[in-house]
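Here the structure is laid out as structure tokens; the discussion comes afterwards.
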Amino acid sequence: MIQNLFASQIWKRSLNIESSIKDKILNSIEEDFQQNTSYLHPFWNCNVNTTHIRQTNIDYSLLIPYFKNEYETFANQLNLNKHAYEILNPWYNYYLMGYNQEYHDHIGKHSELYSAVYFLKITDDNPK
């Protein structure tokens, strides 16, 4: 569903990713986070543990078919070439109480036309 909340449109949906896949990736993320709890991105003005530029052994390949399918649905609705995309660099941001992400955009030298966020885990006491 496309929502016009800002100057840019937002595509908001829920993906029905198999629990076993989510659990496998979440376990990998949790293990990586526990080994790197104090890591913060050196160039971001925020307080969040991330693997944006840090190497990991996390295998996101099981998520890619779900993201590919979602992009194709998105592209069809906007009459875009559904094959003109590439998932470049999946990473995780691990948020704890008090963590934050600074306001930013993705316009620049290596700008992406679209970016995506997928929340693997949201607790019931947080708004979805």
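Here, A, B, ... name the chains of the structure tokens in the order displayed, residue numbers run from 1 inside each chain, and ligands are numbered from 1 in the same displayed order.
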
Check: Neighbours of segment 117-121 of chain A within 8 Å (only C-alpha atoms; same-chain residues fewer than 2 positions away dropped), as a VMD selection string?
Finding: chain A and resid 22 26 115 123

If you keep all heavy atoms, can you produce a file of those selected residues as a PDB file, in the first residue's frame?
```pdb
ATOM      1  N   LYS A  22      13.003 -16.364   9.727  1.00  0.00           N
ATOM      2  CA  LYS A  22      13.193 -15.219  10.621  1.00  0.00           C
ATOM      3  C   LYS A  22      14.023 -15.619  11.839  1.00  0.00           C
ATOM      4  O   LYS A  22      14.938 -14.908  12.235  1.00  0.00           O
ATOM      5  CB  LYS A  22      11.843 -14.654  11.060  1.00  0.00           C
ATOM      6  CG  LYS A  22      11.162 -13.856   9.977  1.00  0.00           C
ATOM      7  CD  LYS A  22       9.772 -13.436  10.363  1.00  0.00           C
ATOM      8  CE  LYS A  22       9.750 -12.406  11.428  1.00  0.00           C
ATOM      9  NZ  LYS A  22       8.425 -11.816  11.643  1.00  0.00           N
ATOM     10  N   LEU A  26      17.464 -13.966  12.872  1.00  0.00           N
ATOM     11  CA  LEU A  26      17.489 -13.290  14.164  1.00  0.00           C
ATOM     12  C   LEU A  26      18.552 -13.875  15.085  1.00  0.00           C
ATOM     13  O   LEU A  26      19.240 -13.139  15.794  1.00  0.00           O
ATOM     14  CB  LEU A  26      16.115 -13.353  14.832  1.00  0.00           C
ATOM     15  CG  LEU A  26      15.088 -12.353  14.327  1.00  0.00           C
ATOM     16  CD1 LEU A  26      13.703 -12.695  14.847  1.00  0.00           C
ATOM     17  CD2 LEU A  26      15.475 -10.948  14.745  1.00  0.00           C
ATOM     18  N   SER A 115      15.013   2.681  -1.073  1.00  0.00           N
ATOM     19  CA  SER A 115      15.618   1.920   0.009  1.00  0.00           C
ATOM     20  C   SER A 115      14.481   1.263   0.777  1.00  0.00           C
ATOM     21  O   SER A 115      13.329   1.658   0.670  1.00  0.00           O
ATOM     22  CB  SER A 115      16.473   2.806   0.911  1.00  0.00           C
ATOM     23  OG  SER A 115      15.700   3.834   1.466  1.00  0.00           O
ATOM     24  N   THR A 123       8.419  -5.877  19.348  1.00  0.00           N
ATOM     25  CA  THR A 123       7.696  -6.386  20.513  1.00  0.00           C
ATOM     26  C   THR A 123       6.271  -5.844  20.520  1.00  0.00           C
ATOM     27  O   THR A 123       5.967  -4.831  19.892  1.00  0.00           O
ATOM     28  CB  THR A 123       8.409  -5.993  21.819  1.00  0.00           C
ATOM     29  OG1 THR A 123       8.498  -4.585  21.881  1.00  0.00           O
ATOM     30  CG2 THR A 123       9.800  -6.608  21.871  1.00  0.00           C
TER      31      THR A 123
END
```

Quick one: residues within 9 Å of Glu30 of chain A, only C-alpha atoms, excluding same-chain residues fewer than 5 positions away - as a short mmCIF file (atom, residue, chain, number, x, y, z; two decimals) with all heavy atoms, in the first residue's frame?
```
data_model
loop_
_atom_site.label_atom_id
_atom_site.label_comp_id
_atom_site.auth_asym_id
_atom_site.auth_seq_id
_atom_site.Cartn_x
_atom_site.Cartn_y
_atom_site.Cartn_z
N ILE A 25 17.80 -16.01 10.97
CA ILE A 25 18.48 -14.73 10.78
C ILE A 25 18.55 -13.96 12.10
O ILE A 25 19.58 -13.37 12.42
CB ILE A 25 17.81 -13.94 9.65
CG1 ILE A 25 18.04 -14.69 8.34
CG2 ILE A 25 18.36 -12.51 9.58
CD1 ILE A 25 17.27 -14.19 7.17
N GLN A 35 28.57 -10.15 20.24
CA GLN A 35 30.01 -10.08 20.07
C GLN A 35 30.49 -8.66 19.79
O GLN A 35 31.69 -8.39 19.83
CB GLN A 35 30.46 -11.00 18.94
CG GLN A 35 30.25 -12.47 19.24
CD GLN A 35 30.54 -13.35 18.03
OE1 GLN A 35 31.01 -12.91 17.00
NE2 GLN A 35 30.24 -14.63 18.18
N TYR A 94 20.52 -2.56 15.23
CA TYR A 94 20.02 -3.19 16.45
C TYR A 94 19.72 -2.09 17.45
O TYR A 94 20.63 -1.41 17.91
CB TYR A 94 21.09 -4.14 17.01
CG TYR A 94 20.61 -5.14 18.01
CD1 TYR A 94 20.57 -6.49 17.69
CD2 TYR A 94 20.23 -4.76 19.30
CE1 TYR A 94 20.17 -7.43 18.62
CE2 TYR A 94 19.82 -5.70 20.22
CZ TYR A 94 19.79 -7.03 19.89
OH TYR A 94 19.38 -7.95 20.81
#
```

Margin query: Nearest residue to Ser14 of chain A out of A:His41, A:Asn49, A:Asp59, A:Phe67, using only C-alpha atoms?
Written below: A:Phe67

Margin query: Report, in Å to a single decimal, how far apart atom CA of Leu96 of chain A and atom CA of Pro65 of chain A are.
Written below: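 Between atom CA of Pro65 of chain A and atom CA of Leu96 of chain A the gap works out to 28.5 Å.
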
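For the choices A:Tyr103, A:Gly98, A:Ala116, A:Trp11, the atom-to-atom distance to Asn47 of chain A is smallest for A:Gly98 when using only C-alpha atoms.
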